[in-house]
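Chemist: Sharing final03.txt here; it has compact mmCIF, C-alpha atoms and all ligand atoms.
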# COMPACT_ATOMS: atom_id res chain seq x y z
CA MET A 4 13.19 -40.52 -24.49
CA ILE A 5 9.73 -39.16 -24.37
CA LYS A 6 8.53 -39.17 -20.79
CA LYS A 7 4.94 -39.38 -19.77
CA LYS A 8 5.48 -36.65 -17.19
CA GLN A 9 7.59 -33.51 -17.33
CA LYS A 10 10.27 -32.52 -14.83
CA LEU A 11 9.98 -29.29 -12.87
CA ASN A 12 11.55 -26.60 -15.02
CA LYS A 13 12.17 -23.25 -13.28
CA LYS A 14 11.82 -21.55 -16.65
CA PHE A 15 8.09 -22.03 -16.29
CA LEU A 16 7.88 -20.70 -12.75
CA LYS A 17 7.19 -17.06 -12.07
CA LYS A 18 9.73 -15.31 -9.88
CA GLU A 19 7.11 -14.99 -7.19
CA TYR A 20 7.81 -16.00 -3.61
CA PHE A 21 5.74 -16.32 -0.50
CA THR A 22 6.82 -14.62 2.70
CA GLN A 23 5.28 -14.38 6.14
CA ARG A 24 4.41 -10.71 5.72
CA GLY A 25 4.79 -7.86 3.25
CA ARG A 26 7.66 -6.35 5.23
CA ILE A 27 9.67 -9.57 4.93
CA ALA A 28 9.17 -9.48 1.16
CA LEU A 29 10.45 -5.89 1.22
CA SER A 30 13.46 -6.95 3.27
CA TYR A 31 14.29 -9.60 0.65
CA ALA A 32 13.84 -7.02 -2.12
CA LEU A 33 16.29 -4.64 -0.44
CA GLN A 34 18.87 -7.39 0.02
CA ILE A 35 18.48 -8.73 -3.51
CA LEU A 36 19.07 -5.21 -4.87
CA LYS A 37 22.15 -4.97 -2.63
CA LEU A 38 20.99 -1.92 -0.81
CA ASN A 39 23.14 -1.17 2.24
CA LYS A 40 24.67 1.66 4.23
CA GLU A 41 26.95 2.59 1.31
CA ASN A 42 24.01 3.53 -0.91
CA LYS A 43 20.52 4.94 -0.53
CA ILE A 44 16.88 4.28 -1.24
CA LEU A 45 14.42 7.03 -2.09
CA LEU A 46 11.29 6.81 0.06
CA PRO A 47 7.90 8.54 0.04
CA SER A 48 7.40 11.03 2.87
CA TYR A 49 4.26 9.31 4.13
CA ILE A 50 5.19 6.21 6.11
CA GLY A 51 3.36 5.17 9.24
CA LEU A 52 4.35 3.84 12.59
CA SER A 53 2.24 2.10 15.19
CA GLU A 54 3.00 0.84 18.64
CA LYS A 55 1.79 -2.66 17.90
CA GLU A 56 2.89 -3.05 14.28
CA GLY A 57 6.02 -0.92 14.08
CA SER A 58 6.57 0.39 10.56
CA GLY A 59 5.96 -2.07 7.73
CA VAL A 60 8.02 0.02 5.33
CA PHE A 61 10.69 1.60 7.46
CA ASP A 62 11.57 -1.27 9.82
CA PRO A 63 13.32 -3.34 7.11
CA ILE A 64 15.31 -0.27 6.04
CA ARG A 65 16.34 0.47 9.61
CA GLN A 66 17.20 -3.15 10.35
CA LEU A 67 19.40 -3.43 7.26
CA LYS A 68 20.93 -0.01 8.01
CA ILE A 69 20.25 1.23 4.49
CA GLY A 70 20.81 4.88 3.63
CA TYR A 71 17.59 6.70 2.73
CA GLU A 72 16.13 9.95 1.62
CA PHE A 73 12.52 11.09 1.32
CA TYR A 74 10.72 12.67 -1.61
CA THR A 75 7.79 15.05 -1.25
CA LEU A 76 4.19 14.00 -1.85
CA ASN A 77 1.37 16.25 -2.96
CA ASP A 78 -1.82 16.69 -0.97
CA ASP A 79 -3.43 13.66 -2.64
CA LEU A 80 -0.33 11.57 -1.79
CA SER A 81 0.73 11.62 -5.42
CA ILE A 82 4.45 11.78 -6.07
CA ASN A 83 5.76 15.32 -6.38
CA LYS A 84 7.53 15.23 -9.74
CA GLU A 85 10.03 18.00 -9.00
CA SER A 86 11.14 16.49 -5.70
CA PHE A 87 11.34 12.97 -7.12
CA THR A 88 13.30 14.05 -10.20
CA GLU A 89 15.75 16.16 -8.25
CA LYS A 90 16.50 13.46 -5.70
CA ILE A 91 16.70 10.43 -7.98
CA LYS A 92 19.60 11.91 -9.87
CA GLN A 93 21.94 11.58 -6.89
CA ASP A 94 24.63 8.96 -7.43
CA LYS A 95 24.09 7.33 -4.05
CA ILE A 96 20.43 6.60 -4.78
CA LYS A 97 20.17 3.08 -6.10
CA ALA A 98 16.44 2.51 -5.92
CA ALA A 99 13.13 4.27 -5.34
CA LEU A 100 10.16 2.89 -3.49
CA ILE A 101 6.66 3.99 -4.34
CA ILE A 102 3.46 3.14 -2.48
CA HIS A 103 0.08 2.73 -4.15
CA TYR A 104 -1.72 4.13 -1.12
CA PHE A 105 -5.04 2.48 -0.20
CA GLY A 106 -4.98 0.47 -3.45
CA PHE A 107 -5.05 3.51 -5.76
CA CYS A 108 -2.48 3.56 -8.54
CA GLN A 109 0.04 6.37 -8.14
CA LYS A 110 -1.14 9.29 -10.25
CA ASN A 111 2.25 10.12 -11.81
CA PHE A 112 3.07 6.47 -12.37
CA ASP A 113 4.14 6.79 -16.04
CA TYR A 114 6.43 9.65 -15.10
CA VAL A 115 8.00 7.66 -12.27
CA LEU A 116 8.53 4.62 -14.49
CA LYS A 117 10.18 6.78 -17.14
CA THR A 118 12.32 8.70 -14.64
CA CYS A 119 13.60 5.56 -12.92
CA LYS A 120 14.47 4.02 -16.27
CA GLU A 121 16.23 7.12 -17.60
CA ASN A 122 18.28 7.44 -14.42
CA LYS A 123 18.97 3.69 -14.24
CA LYS A 124 17.49 3.27 -10.78
CA TYR A 125 15.54 0.29 -9.57
CA LEU A 126 11.88 0.75 -8.79
CA ILE A 127 10.31 -1.10 -5.85
CA GLU A 128 6.53 -1.11 -6.08
CA ASP A 129 4.86 -1.38 -2.68
CA CYS A 130 1.50 -3.04 -3.32
CA ALA A 131 0.77 -3.79 0.36
CA HIS A 132 -2.53 -1.92 -0.09
CA ALA A 133 -3.02 -2.84 -3.75
CA PHE A 134 -3.61 -6.55 -3.88
CA ASN A 135 -5.79 -6.51 -6.95
CA SER A 136 -5.55 -3.12 -8.67
CA PHE A 137 -4.76 -2.57 -12.33
CA TYR A 138 -3.24 0.18 -14.43
CA LYS A 139 -3.66 0.04 -18.20
CA ASN A 140 -4.92 -3.54 -17.90
CA LYS A 141 -1.77 -4.65 -16.11
CA LYS A 142 -1.76 -5.50 -12.43
CA LEU A 143 -0.02 -3.13 -10.04
CA GLY A 144 3.13 -4.91 -9.00
CA ALA A 145 3.88 -5.98 -12.58
CA TYR A 146 5.61 -2.67 -13.38
CA GLY A 147 8.38 -2.32 -10.79
CA ASP A 148 11.72 -4.12 -11.00
CA ILE A 149 10.64 -5.73 -7.73
CA SER A 150 7.24 -5.58 -6.07
CA PHE A 151 5.53 -6.92 -3.02
CA TYR A 152 2.06 -7.56 -1.67
CA SER A 153 0.49 -8.16 1.73
CA ILE A 154 -2.04 -11.00 1.68
CA HIS A 155 -3.45 -10.46 5.17
CA LYS A 156 -4.36 -6.87 4.42
CA PHE A 157 -6.74 -7.99 1.68
CA LEU A 158 -7.93 -11.43 2.75
CA SER A 159 -9.05 -12.83 6.06
CA THR A 160 -5.68 -14.37 6.94
CA ASN A 161 -3.33 -13.65 9.83
CA ASP A 162 -0.22 -13.45 7.71
CA GLY A 163 1.16 -13.68 4.19
CA GLY A 164 3.24 -11.61 1.84
CA ILE A 165 4.34 -12.03 -1.76
CA LEU A 166 7.60 -10.96 -3.37
CA LEU A 167 7.60 -10.56 -7.14
CA ILE A 168 10.72 -10.06 -9.23
CA ASN A 169 9.92 -8.70 -12.67
CA ASN A 170 13.34 -7.63 -13.90
CA ASP A 171 15.06 -10.69 -15.37
CA LYS A 172 18.46 -9.05 -15.03
CA ILE A 173 18.22 -9.08 -11.25
CA LYS A 174 20.30 -11.92 -9.85
CA ILE A 175 18.81 -13.65 -6.85
CA GLN A 176 21.82 -14.65 -4.76
CA LYS A 177 19.90 -14.64 -1.52
CA LYS A 178 18.02 -17.78 -0.60
CA ILE A 179 14.36 -16.96 -0.29
CA ASP A 180 12.41 -19.05 2.18
CA ASP A 181 9.31 -19.11 -0.06
CA ARG A 182 6.97 -20.40 2.62
CA ILE A 183 3.39 -19.71 3.54
CA SER A 184 1.17 -21.21 6.22
CA LYS A 185 -1.23 -23.88 5.02
CA ARG A 186 -4.23 -21.88 6.18
CA THR A 187 -3.14 -18.73 4.37
CA PHE A 188 -2.37 -20.62 1.17
CA THR A 189 -5.74 -22.35 1.27
CA ILE A 190 -7.61 -19.08 1.77
CA LEU A 191 -5.58 -17.41 -0.97
CA TYR A 192 -6.18 -20.26 -3.40
CA LYS A 193 -9.87 -20.60 -2.70
CA SER A 194 -10.81 -16.92 -2.39
CA ASP A 195 -12.81 -15.43 -5.20
CA ILE A 196 -10.58 -12.37 -5.56
CA GLU A 197 -12.71 -10.86 -8.33
CA LYS A 198 -15.91 -11.14 -6.35
CA ILE A 199 -14.27 -9.68 -3.24
CA SER A 200 -12.78 -6.84 -5.31
CA GLN A 201 -16.15 -6.09 -6.87
CA ILE A 202 -17.79 -5.81 -3.45
CA ARG A 203 -15.03 -3.46 -2.28
CA ARG A 204 -15.48 -1.32 -5.40
CA ASN A 205 -19.26 -1.30 -4.99
CA ASN A 206 -18.96 -0.33 -1.34
CA TYR A 207 -16.53 2.43 -2.29
CA THR A 208 -18.89 3.81 -4.91
CA TYR A 209 -21.83 3.61 -2.53
CA ILE A 210 -19.99 5.61 0.16
CA LEU A 211 -18.83 8.15 -2.47
CA GLU A 212 -22.45 8.89 -3.30
CA LYS A 213 -23.75 8.96 0.29
CA ILE A 214 -20.94 10.89 1.96
CA LYS A 215 -21.76 13.99 -0.09
CA ASP A 216 -24.63 14.68 2.32
CA ILE A 217 -22.42 14.71 5.41
CA LYS A 218 -20.83 17.96 6.48
CA GLY A 219 -17.37 18.05 8.03
CA VAL A 220 -15.90 15.18 6.04
CA HIS A 221 -14.84 14.58 2.44
CA PRO A 222 -13.44 11.65 0.49
CA PHE A 223 -9.66 11.60 0.06
CA TYR A 224 -10.18 10.32 -3.51
CA ARG A 225 -13.35 11.50 -5.24
CA THR A 226 -13.18 9.13 -8.20
CA LEU A 227 -12.72 5.41 -8.50
CA LEU A 228 -11.01 4.57 -11.76
CA ASP A 229 -11.68 1.28 -13.54
CA GLY A 230 -9.39 -1.46 -12.31
CA VAL A 231 -8.77 0.04 -8.87
CA THR A 232 -9.65 -2.09 -5.86
CA PRO A 233 -9.40 0.07 -2.76
CA ILE A 234 -8.44 -1.46 0.55
CA ASN A 235 -10.63 0.97 2.47
CA PHE A 236 -12.36 4.34 2.10
CA PRO A 237 -10.04 7.16 3.20
CA VAL A 238 -11.72 10.38 4.29
CA ILE A 239 -10.49 13.69 5.61
CA ILE A 240 -12.08 14.94 8.82
CA GLU A 241 -12.27 18.67 8.20
CA GLN A 242 -12.70 20.39 11.57
CA LYS A 243 -13.33 17.88 14.33
CA ASP A 244 -10.49 16.17 16.10
CA ARG A 245 -9.84 13.01 14.06
CA ASN A 246 -8.86 10.93 17.10
CA ASN A 247 -12.09 11.88 18.75
CA VAL A 248 -14.10 10.78 15.72
CA TYR A 249 -12.18 7.51 15.66
CA PHE A 250 -12.92 6.78 19.33
CA GLU A 251 -16.56 7.82 19.01
CA LEU A 252 -16.95 5.37 16.13
CA GLN A 253 -15.28 2.66 18.24
CA LYS A 254 -17.75 3.31 21.05
CA ARG A 255 -20.50 2.63 18.53
CA LYS A 256 -18.75 -0.62 17.52
CA ILE A 257 -17.53 0.72 14.18
CA GLU A 258 -13.91 -0.10 13.56
CA ALA A 259 -12.12 2.40 11.36
CA VAL A 260 -8.35 2.84 11.10
CA SER A 261 -6.11 5.80 10.43
CA LEU A 262 -3.48 5.13 7.81
CA TYR A 263 -1.37 6.67 9.14
CA HIS A 264 -2.19 8.38 12.44
CA THR A 265 1.51 8.65 13.27
CA LEU A 266 4.38 9.10 10.85
CA ILE A 267 7.88 7.76 11.51
CA PRO A 268 9.88 10.46 13.35
CA GLN A 269 12.36 10.63 10.47
CA ILE A 270 9.67 12.42 8.44
CA LYS A 271 9.89 15.86 10.02
CA LYS A 272 6.88 18.12 10.29
CA ASP A 273 8.69 21.26 9.13
CA GLU A 274 10.09 19.50 6.05
CA TYR A 275 6.94 17.61 5.09
CA PRO A 276 3.99 19.65 6.39
CA ILE A 277 1.52 18.23 3.83
CA SER A 278 2.21 14.66 4.96
CA HIS A 279 1.68 15.65 8.58
CA GLN A 280 -1.53 17.45 7.76
CA ILE A 281 -2.92 14.35 6.05
CA SER A 282 -1.76 12.14 8.90
CA SER A 283 -3.61 14.26 11.47
CA ARG A 284 -6.89 14.31 9.55
CA ILE A 285 -7.19 10.98 7.76
CA LEU A 286 -9.63 8.25 8.71
CA ASN A 287 -10.08 5.02 6.74
CA LEU A 288 -13.52 3.44 6.75
CA PRO A 289 -13.89 -0.32 6.22
CA ILE A 290 -15.32 -1.55 2.88
CA HIS A 291 -14.41 -5.25 2.94
CA GLU A 292 -16.64 -7.99 1.57
CA GLU A 293 -18.57 -8.48 4.80
CA ILE A 294 -19.75 -4.86 4.87
CA SER A 295 -23.26 -4.50 3.48
CA LYS A 296 -25.03 -1.38 2.26
CA LYS A 297 -27.04 -1.48 5.47
CA ASP A 298 -23.79 -1.42 7.48
CA ILE A 299 -22.60 1.54 5.42
CA ASP A 300 -25.86 3.40 6.01
CA MET A 301 -25.46 2.84 9.75
CA MET A 302 -21.77 3.79 9.70
CA LEU A 303 -22.46 7.04 7.86
CA ARG A 304 -25.46 7.85 10.05
CA GLU A 305 -23.26 7.52 13.13
CA LEU A 306 -20.43 9.47 11.52
CA ASN A 307 -22.87 12.25 10.70
CA LYS A 308 -24.08 12.34 14.32
CA ILE A 309 -20.51 12.47 15.65
CA LEU A 310 -19.56 15.28 13.28
CA LYS A 311 -22.68 17.28 14.15
CA ASP A 312 -22.15 16.92 17.90
CA ASP A 313 -20.66 19.90 19.73
C1 LIG B 1 2.39 0.73 2.65
C2 LIG B 1 2.78 -0.48 3.43
N1 LIG B 1 3.78 -1.26 2.99
C3 LIG B 1 4.16 -2.36 3.62
C4 LIG B 1 3.55 -2.79 4.78
C5 LIG B 1 3.99 -4.06 5.44
O1 LIG B 1 3.02 -5.06 5.28
P1 LIG B 1 2.90 -6.26 6.33
O2 LIG B 1 2.03 -5.78 7.44
O3 LIG B 1 2.28 -7.40 5.57
O4 LIG B 1 4.28 -6.59 6.78
C6 LIG B 1 2.51 -2.00 5.31
C7 LIG B 1 1.83 -2.34 6.55
O5 LIG B 1 2.38 -2.45 7.59
C8 LIG B 1 2.11 -0.83 4.61
O6 LIG B 1 1.10 -0.05 5.07
Once you've parsed the file, please lay out its structure as structure tokens.
Ligand SMILES: Cc1ncc(COP(=O)(O)O)c(C=O)c1O
Modeler:
Amino acid sequence: MIKKKQKLNKKFLKKEYFTQRGRIALSYALQILKLNKENKILLPSYIGLSEKEGSGVFDPIRQLKIGYEFYTLNDDLSINKESFTEKIKQDKIKAALIIHYFGFCQKNFDYVLKTCKENKKYLIEDCAHAFNSFYKNKKLGAYGDISFYSIHKFLSTNDGGILLINNDKIKIQKKIDDRISKRTFTILYKSDIEKISQIRRNNYTYILEKIKDIKGVHPFYRTLLDGVTPINFPVIIEQKDRNNVYFELQKRKIEAVSLYHTLIPQIKKDEYPISHQISSRILNLPIHEEISKKDIDMMLRELNKILKDD
């Protein structure tokens, strides 16, 4: 029989699932990969913790009581190849998680992809900051065996996460809720992601040019590669107390964040001094689609005043 309308065929559905938040997508990913206390996941040594939010990356690992180990990051938060290679070889390690910090593709990404494959370890790509960034014309999140995104970090929603399973060999025994609030879905569906991304990129480029004139601060990433959509503009506060700068900006009604002002206590200062140094000096300026060039001029003028002040 030739029907006028087709039936729903899962073959034509992407293995993409909605969750309430990015961390819930990560929790599903960990369970689907059968990570537990008998095995381990390899984690980057730059994971934040906040009083209000907890730790988006570490909480699911702690809750599921999964074994873990950290790998070293370089001073631009790129993956330290030696540390990663040495640790991934351990039998207990079943998967590695990488974070595309602030929306920027991990610098040693090809190396990580190759190393995970050669050692037969799963790769979880954390795209919580990289909602619409590309590497070699392919979207970040399309490379890992499993990936996840955080909708509310990129769009003006209160919640929303996405779990994406790329590796067809991965069996999904766990039932995934696959739900999203109506409001979040509507905003996601209707948002002009390209336009929003372009504004973020333009704002990033504008700050890159202007910040050169300000002493006491420098951009964490000095170039914006094609295809990268940053979530904010990370800077390093060179001498002044970062927390002070943050509060002074707040007083002037400029809301910055520090990703991450506090690292989870499991990342020890003596073992990972570079991570702690970044954490104590980083400040992330907003560049979202509502920020105009005039706003940026004002923000940088105030930042300059704060940094000049004795
Ligand atoms: C790198 C990273 N991954 C995952 C998460 C979790 O995302 P969500 O807040 O949507 O649960 C966060 C934020 O908390 C994050 O910064």
Chemist: Could you please extract the residues within 6 Å of ligand LIG 1 (chain B), counting only C-alpha atoms and all ligand atoms, and hand them back as a list in words?
Modeler: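 Here is the list of contacting residues: Arg24, Gly25, Arg26, Ser58, Gly59, Val60, Ile102, Asp129, Ala131, Ser153 and Gly164 of chain A.
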Chemist: So how far away is atom CA of A:Ile50 from atom CA of A:Lys254, in Å?
Modeler: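 Interatomic distance here is 27.5 Å.
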Chemist: At a cut-off of 10 Å from (-18.3, 16.4, 10.8) in the coordinates of the file, what residues are picked up using only C-alpha atoms, written as an mmCIF file with C-alpha atoms, keeping the file's coordinate frame?
Modeler:
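Output saved as selection_13.cif:
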data_model
loop_
_atom_site.group_PDB
_atom_site.id
_atom_site.type_symbol
_atom_site.label_atom_id
_atom_site.label_comp_id
_atom_site.auth_asym_id
_atom_site.auth_seq_id
_atom_site.Cartn_x
_atom_site.Cartn_y
_atom_site.Cartn_z
ATOM 1 C CA ILE A 217 -22.420 14.710 5.410
ATOM 2 C CA LYS A 218 -20.830 17.960 6.480
ATOM 3 C CA GLY A 219 -17.370 18.050 8.030
ATOM 4 C CA VAL A 220 -15.900 15.180 6.040
ATOM 5 C CA HIS A 221 -14.840 14.580 2.440
ATOM 6 C CA ILE A 239 -10.490 13.690 5.610
ATOM 7 C CA ILE A 240 -12.080 14.940 8.820
ATOM 8 C CA GLU A 241 -12.270 18.670 8.200
ATOM 9 C CA GLN A 242 -12.700 20.390 11.570
ATOM 10 C CA LYS A 243 -13.330 17.880 14.330
ATOM 11 C CA ASP A 244 -10.490 16.170 16.100
ATOM 12 C CA ARG A 245 -9.840 13.010 14.060
ATOM 13 C CA VAL A 248 -14.100 10.780 15.720
ATOM 14 C CA LEU A 306 -20.430 9.470 11.520
ATOM 15 C CA ASN A 307 -22.870 12.250 10.700
ATOM 16 C CA LYS A 308 -24.080 12.340 14.320
ATOM 17 C CA ILE A 309 -20.510 12.470 15.650
ATOM 18 C CA LEU A 310 -19.560 15.280 13.280
ATOM 19 C CA LYS A 311 -22.680 17.280 14.150
ATOM 20 C CA ASP A 312 -22.150 16.920 17.900
ATOM 21 C CA ASP A 313 -20.660 19.900 19.730
#
Chemist: I need every residue sitting at most 8 Å from the point (3.5, 12.7, -6.6) (coordinates as in the file, all atoms listed in the file considered), written as a list of chain:residue names.
Modeler: A:Thr75, A:Leu76, A:Asn77, A:Leu80, A:Ser81, A:Ile82, A:Asn83, A:Lys84, A:Phe87, A:Gln109, A:Lys110, A:Asn111
Chemist: For A:Arg203, which residue among A:Glu54, A:Glu41, A:Glu274, A:Glu292 is the nearest when counting all atoms listed in the file?
Modeler: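 Of A:Glu54, A:Glu41, A:Glu274, A:Glu292, the one nearest A:Arg203 is A:Glu292, counting all atoms listed in the file.
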Chemist: Within 7 Å of A:Leu100, counting only C-alpha atoms, which residues qualify if same-chain residues fewer than 2 places away don't, as number ranges by chain?
Modeler: A: 45-46, 98, 102, 126-129
Chemist: Just to be explicit: take each residue in the selection above, keep C-alpha atoms, and write the result as a PDB file, in the coordinates of the input.
Modeler:
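File written: selection03.pdb
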ATOM      1  CA  LEU A  45      14.420   7.030  -2.090  1.00  0.00           C
ATOM      2  CA  LEU A  46      11.290   6.810   0.060  1.00  0.00           C
ATOM      3  CA  ALA A  98      16.440   2.510  -5.920  1.00  0.00           C
ATOM      4  CA  ILE A 102       3.460   3.140  -2.480  1.00  0.00           C
ATOM      5  CA  LEU A 126      11.880   0.750  -8.790  1.00  0.00           C
ATOM      6  CA  ILE A 127      10.310  -1.100  -5.850  1.00  0.00           C
ATOM      7  CA  GLU A 128       6.530  -1.110  -6.080  1.00  0.00           C
ATOM      8  CA  ASP A 129       4.860  -1.380  -2.680  1.00  0.00           C
TER       9      ASP A 129
END
Chemist: Counting only C-alpha atoms, which of A:Leu33, A:Tyr71, A:Phe105, A:Pro47 gets nearest to A:Tyr275?
Modeler: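 Ranking A:Leu33, A:Tyr71, A:Phe105, A:Pro47 by distance to A:Tyr275, first place goes to A:Pro47.
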Chemist: Just to confirm, what's the straight-line distance from atom CA of A:Asp298 to atom CA of A:Asn247 in Å (one decimal)?
Modeler: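 Atom CA of A:Asn247 lies at a distance of 21.0 Å from atom CA of A:Asp298.
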Chemist: Could the centre and edge lengths of an axis-aligned box, enclosing all atoms of stretch 121-130 of chain A in the file with 6 Å extra on each side, be given in Å to one decimal as JSON?
Modeler:
{"center_x": 10.2, "center_y": 2.2, "center_z": -10.1, "size_x": 29.5, "size_y": 22.5, "size_z": 26.9}
Chemist: For stretch 130-157 of chain A, which lacks atoms in the input, supply N, CA and C atoms and format the output as an mmCIF file, keeping the file's coordinate frame.
Modeler:
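This went into part.cif:
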data_model
loop_
_atom_site.group_PDB
_atom_site.id
_atom_site.type_symbol
_atom_site.label_atom_id
_atom_site.label_comp_id
_atom_site.auth_asym_id
_atom_site.auth_seq_id
_atom_site.Cartn_x
_atom_site.Cartn_y
_atom_site.Cartn_z
ATOM 1 N N CYS A 130 2.924 -2.774 -3.052
ATOM 2 C CA CYS A 130 1.500 -3.040 -3.320
ATOM 3 C C CYS A 130 0.828 -3.628 -2.073
ATOM 4 N N ALA A 131 1.346 -3.264 -0.895
ATOM 5 C CA ALA A 131 0.770 -3.790 0.360
ATOM 6 C C ALA A 131 -0.713 -3.447 0.471
ATOM 7 N N HIS A 132 -1.113 -2.301 -0.115
ATOM 8 C CA HIS A 132 -2.530 -1.920 -0.090
ATOM 9 C C HIS A 132 -3.229 -2.280 -1.408
ATOM 10 N N ALA A 133 -2.468 -2.673 -2.393
ATOM 11 C CA ALA A 133 -3.020 -2.840 -3.750
ATOM 12 C C ALA A 133 -2.897 -4.294 -4.197
ATOM 13 N N PHE A 134 -3.715 -5.122 -3.597
ATOM 14 C CA PHE A 134 -3.610 -6.550 -3.880
ATOM 15 C C PHE A 134 -4.162 -6.903 -5.257
ATOM 16 N N ASN A 135 -5.165 -6.158 -5.678
ATOM 17 C CA ASN A 135 -5.790 -6.510 -6.950
ATOM 18 C C ASN A 135 -6.216 -5.247 -7.713
ATOM 19 N N SER A 136 -5.261 -4.340 -7.921
ATOM 20 C CA SER A 136 -5.550 -3.120 -8.670
ATOM 21 C C SER A 136 -4.768 -3.153 -9.976
ATOM 22 N N PHE A 137 -5.355 -2.517 -10.992
ATOM 23 C CA PHE A 137 -4.760 -2.570 -12.330
ATOM 24 C C PHE A 137 -4.509 -1.170 -12.872
ATOM 25 N N TYR A 138 -3.510 -1.064 -13.710
ATOM 26 C CA TYR A 138 -3.240 0.180 -14.430
ATOM 27 C C TYR A 138 -2.998 -0.215 -15.885
ATOM 28 N N LYS A 139 -3.745 0.388 -16.772
ATOM 29 C CA LYS A 139 -3.660 0.040 -18.200
ATOM 30 C C LYS A 139 -3.718 -1.479 -18.405
ATOM 31 N N ASN A 140 -4.684 -2.091 -17.775
ATOM 32 C CA ASN A 140 -4.920 -3.540 -17.900
ATOM 33 C C ASN A 140 -3.791 -4.429 -17.394
ATOM 34 N N LYS A 141 -2.854 -3.858 -16.688
ATOM 35 C CA LYS A 141 -1.770 -4.650 -16.110
ATOM 36 C C LYS A 141 -1.820 -4.473 -14.598
ATOM 37 N N LYS A 142 -1.612 -5.562 -13.894
ATOM 38 C CA LYS A 142 -1.760 -5.500 -12.430
ATOM 39 C C LYS A 142 -0.674 -4.651 -11.790
ATOM 40 N N LEU A 143 -1.042 -3.864 -10.794
ATOM 41 C CA LEU A 143 -0.020 -3.130 -10.040
ATOM 42 C C LEU A 143 0.887 -4.183 -9.402
ATOM 43 N N GLY A 144 2.156 -3.921 -9.463
ATOM 44 C CA GLY A 144 3.130 -4.910 -9.000
ATOM 45 C C GLY A 144 3.858 -5.531 -10.185
ATOM 46 N N ALA A 145 3.255 -5.400 -11.374
ATOM 47 C CA ALA A 145 3.880 -5.980 -12.580
ATOM 48 C C ALA A 145 4.807 -4.964 -13.247
ATOM 49 N N TYR A 146 4.824 -3.737 -12.744
ATOM 50 C CA TYR A 146 5.610 -2.670 -13.380
ATOM 51 C C TYR A 146 7.007 -2.500 -12.774
ATOM 52 N N GLY A 147 7.097 -2.579 -11.462
ATOM 53 C CA GLY A 147 8.380 -2.320 -10.790
ATOM 54 C C GLY A 147 9.403 -3.405 -11.094
ATOM 55 N N ASP A 148 10.686 -3.083 -10.844
ATOM 56 C CA ASP A 148 11.720 -4.120 -11.000
ATOM 57 C C ASP A 148 11.454 -5.222 -9.974
ATOM 58 N N ILE A 149 11.050 -4.795 -8.783
ATOM 59 C CA ILE A 149 10.640 -5.730 -7.730
ATOM 60 C C ILE A 149 9.381 -5.155 -7.069
ATOM 61 N N SER A 150 8.469 -6.036 -6.705
ATOM 62 C CA SER A 150 7.240 -5.580 -6.070
ATOM 63 C C SER A 150 6.898 -6.496 -4.911
ATOM 64 N N PHE A 151 6.018 -6.020 -4.065
ATOM 65 C CA PHE A 151 5.530 -6.920 -3.020
ATOM 66 C C PHE A 151 4.102 -6.604 -2.621
ATOM 67 N N TYR A 152 3.461 -7.640 -2.082
ATOM 68 C CA TYR A 152 2.060 -7.560 -1.670
ATOM 69 C C TYR A 152 1.931 -8.037 -0.219
ATOM 70 N N SER A 153 0.800 -7.693 0.382
ATOM 71 C CA SER A 153 0.490 -8.160 1.730
ATOM 72 C C SER A 153 -0.848 -8.895 1.651
ATOM 73 N N ILE A 154 -0.812 -10.206 1.846
ATOM 74 C CA ILE A 154 -2.040 -11.000 1.680
ATOM 75 C C ILE A 154 -3.047 -10.689 2.799
ATOM 76 N N HIS A 155 -2.533 -10.599 4.032
ATOM 77 C CA HIS A 155 -3.450 -10.460 5.170
ATOM 78 C C HIS A 155 -4.160 -9.105 5.221
ATOM 79 N N LYS A 156 -3.674 -8.160 4.443
ATOM 80 C CA LYS A 156 -4.360 -6.870 4.420
ATOM 81 C C LYS A 156 -5.606 -6.932 3.534
ATOM 82 N N PHE A 157 -5.634 -7.889 2.629
ATOM 83 C CA PHE A 157 -6.740 -7.990 1.680
ATOM 84 C C PHE A 157 -7.686 -9.139 2.007
#
